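Note sheet for the following structure.
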Amino acid sequence: MDRGKRLLRLYETLERFFGDLHWWPGETPFEVAVGAILTQNTNWANVEKAIGQLKAQGVLEPRALYGLDDEVLADLIRPSGYFRVKTKRLKAFLEVLCDDFRGDLGLMLSGELPQARQRLLGISGIGEETADSMLLYAGGRPVFVIDAYTRRILTRHGIIDGKPTYGDIQCLFMNHVPRDAGLYNQYHAMIVETGKRYCRTEPRCGDCPLRKDCGTGRGREDRDGPR
DNA sequence: GACCAGGCACATC
DNA sequence: GATGTGCATGGT
């Protein structure tokens with residue numbers, strides 16, 4: 001079976017298992033954008049604590065956050081780790097958002113997709129995954145997000161091998177899965193849920209909906225007992 | 001106490 | 001262009 005069909009079958013298997021996740025990692029687009037930076041190389045639970053502190057201080061809003069003293073901001077986002085670098089990255093993002101787009105995130109994420117993406121990539125601290133997360137989850141743009149879970153699951157299923165670039169994997173999805181933001185949202189959400197529950201660096205394949213096609217071999221053991 | 005988690009920039013070769 | 005390193009917290 002070719003890789004395009006396998007991607008579609010993967011989607012169907014996951015959707016049968018999870019149903020419609022309506023996944024949205026934040027209450028507002030701005031919260032999603034901030035979360036996208038805070039979650040870099042960090043457990044989401046720690047990000048939620050940081051976001052909670054920003055909310056509690058009433059500063060989860062572009063201009064309020066931009067106006068915050070660096071040390072105060074760093075202290076608020078401390079639970080998310082890398083708080084000094086993330087303070088710089090948030091400020092760099094907020095500088096463009098507030099100075100060039102009047103604090104209007106919808107405006108910043110609108111326009112031609114390649115240009116909007118380049119705009120984000122031009123900001124220090126925003127790489128491909130962070131840019132695409134913002135575009136998809138905060139902007140509702142049809143861009144597939146590739147993260148560590150996506151790479152890991154595809155590798156373990158033999159759909160990719162070697163060291164494909166971010167763009168290689170993204171093209172694979174976007175050339176075979178219809179370009180629809182709702183679909184990409186749901187697909188990536190299911191990948192992240194699967195990754196969190198079953199596909200850590202050390203696999204926990206027990207009830208994983210994908211275990212029978214998984215190359216770790218653990219799915220077989222879970223079904224058939226040890227060999 | 002070691003290891004891991006939804007990256008990125010920068011230096012070096 | 002590939003590879004290595006610093007950044008830092010909180011859960012398991």
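Ligands are numbered from 1 in the order shown, chains are lettered A, B, ... in the order of the structure tokens, and residues start at 1 in each chain.
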If you count only C-alpha atoms (C1' of nucleotides), which residues fall within 10 Å of DC10 in chain B, apart from same-chain ones fewer than 2 positions away, as a PyMOL selection string?
(chain B and resi 8+12) or (chain C and resi 5-6)
Could you write out the selected residues, including N, CA and C atoms (P, O5', C5', C4', C3', O3' and C1' of nucleotides), as a compact mmCIF listing (two decimals), in the first residue's frame?
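The result, stored in result-v3.txt:
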```txt
# COMPACT_ATOMS: atom_id res chain seq x y z
P DC B 8 10.30 25.13 16.29
O5' DC B 8 11.59 25.98 16.67
C5' DC B 8 11.46 27.04 17.62
C4' DC B 8 12.85 27.57 17.93
C3' DC B 8 13.66 27.88 16.67
O3' DC B 8 13.80 29.29 16.58
C1' DC B 8 14.94 26.79 18.37
P DT B 12 32.52 28.89 17.60
O5' DT B 12 32.66 27.50 16.85
C5' DT B 12 32.38 26.28 17.55
C4' DT B 12 32.32 25.13 16.57
C3' DT B 12 33.46 25.15 15.53
O3' DT B 12 34.30 24.05 15.78
C1' DT B 12 31.37 24.56 14.58
P DT C 5 28.04 18.03 22.37
O5' DT C 5 27.36 19.45 22.62
C5' DT C 5 28.11 20.62 22.37
C4' DT C 5 27.33 21.84 22.83
C3' DT C 5 26.64 21.66 24.20
O3' DT C 5 26.92 22.79 25.00
C1' DT C 5 25.07 22.39 22.59
P DG C 6 26.63 22.73 26.57
O5' DG C 6 25.62 23.95 26.75
C5' DG C 6 25.99 25.24 26.27
C4' DG C 6 24.77 26.14 26.28
C3' DG C 6 23.96 26.07 27.58
O3' DG C 6 23.63 27.40 27.97
C1' DG C 6 22.56 25.56 25.75
```
Considering only C-alpha atoms (C1' of nucleotides), extract the chain C residues located within 8 Å of chain A and return them as a PyMOL selection string.
chain C and resi 7-10
Those same residues - C-alpha atoms (C1' of nucleotides) - I'd like them written as a PDB file, in the first residue's frame.
```
ATOM      1  C1'  DC C   7      18.318  26.634  27.507  1.00  0.00           C
ATOM      2  C1'  DA C   8      15.196  24.901  32.773  1.00  0.00           C
ATOM      3  C1'  DT C   9      10.998  23.270  34.875  1.00  0.00           C
ATOM      4  C1'  DG C  10       8.022  19.541  36.853  1.00  0.00           C
TER       5       DG C  10
END
```
Using only C-alpha atoms (C1' of nucleotides), find each residue of chain B with at least one atom at most 6 Å away from an atom of chain A; report its shortest atom-to-atom pair and that distance in Å (one decimal), sort the rows by chain and rising residue number, and return the result as CSV.
```
residue,atom,partner,partner_atom,distance
B:DA5,C1',A:Asn43,CA,4.3
B:DG6,C1',A:Asp147,CA,5.9
B:DG7,C1',A:Gln40,CA,4.7
B:DC8,C1',A:Gly125,CA,5.8
```
Nearby residues (only C-alpha atoms (C1' of nucleotides)) at most 7 Å from Pro29 in chain A, same-chain spacing under 3 positions excluded, as a list in words:
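My list of contacting residues is Val32, Ala33 and Ala138 of chain A.
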Which is closer to DG1 in chain C than all the others in A:Asn185, A:Asp104, A:Cys214, A:Thr165, using only C-alpha atoms (C1' of nucleotides)?
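The answer is A:Thr165, which sits nearest to DG1 in chain C.
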Restricting the calculation to only C-alpha atoms: of A:Ala181, A:Leu210, A:Leu54, A:Val96, which residue gets closest to Val143 in chain A?
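Between A:Ala181, A:Leu210, A:Leu54, A:Val96, the residue approaching Val143 in chain A most closely is A:Ala181.
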Which residues come within 7 Å of range 17-26 of chain A, counting only C-alpha atoms (C1' of nucleotides), excluding same-chain residues fewer than 3 positions away, as a list in words?
Thr13, Leu14, Glu31, Val32, Tyr137, Gln186, Ala189 and Pro209 of chain A
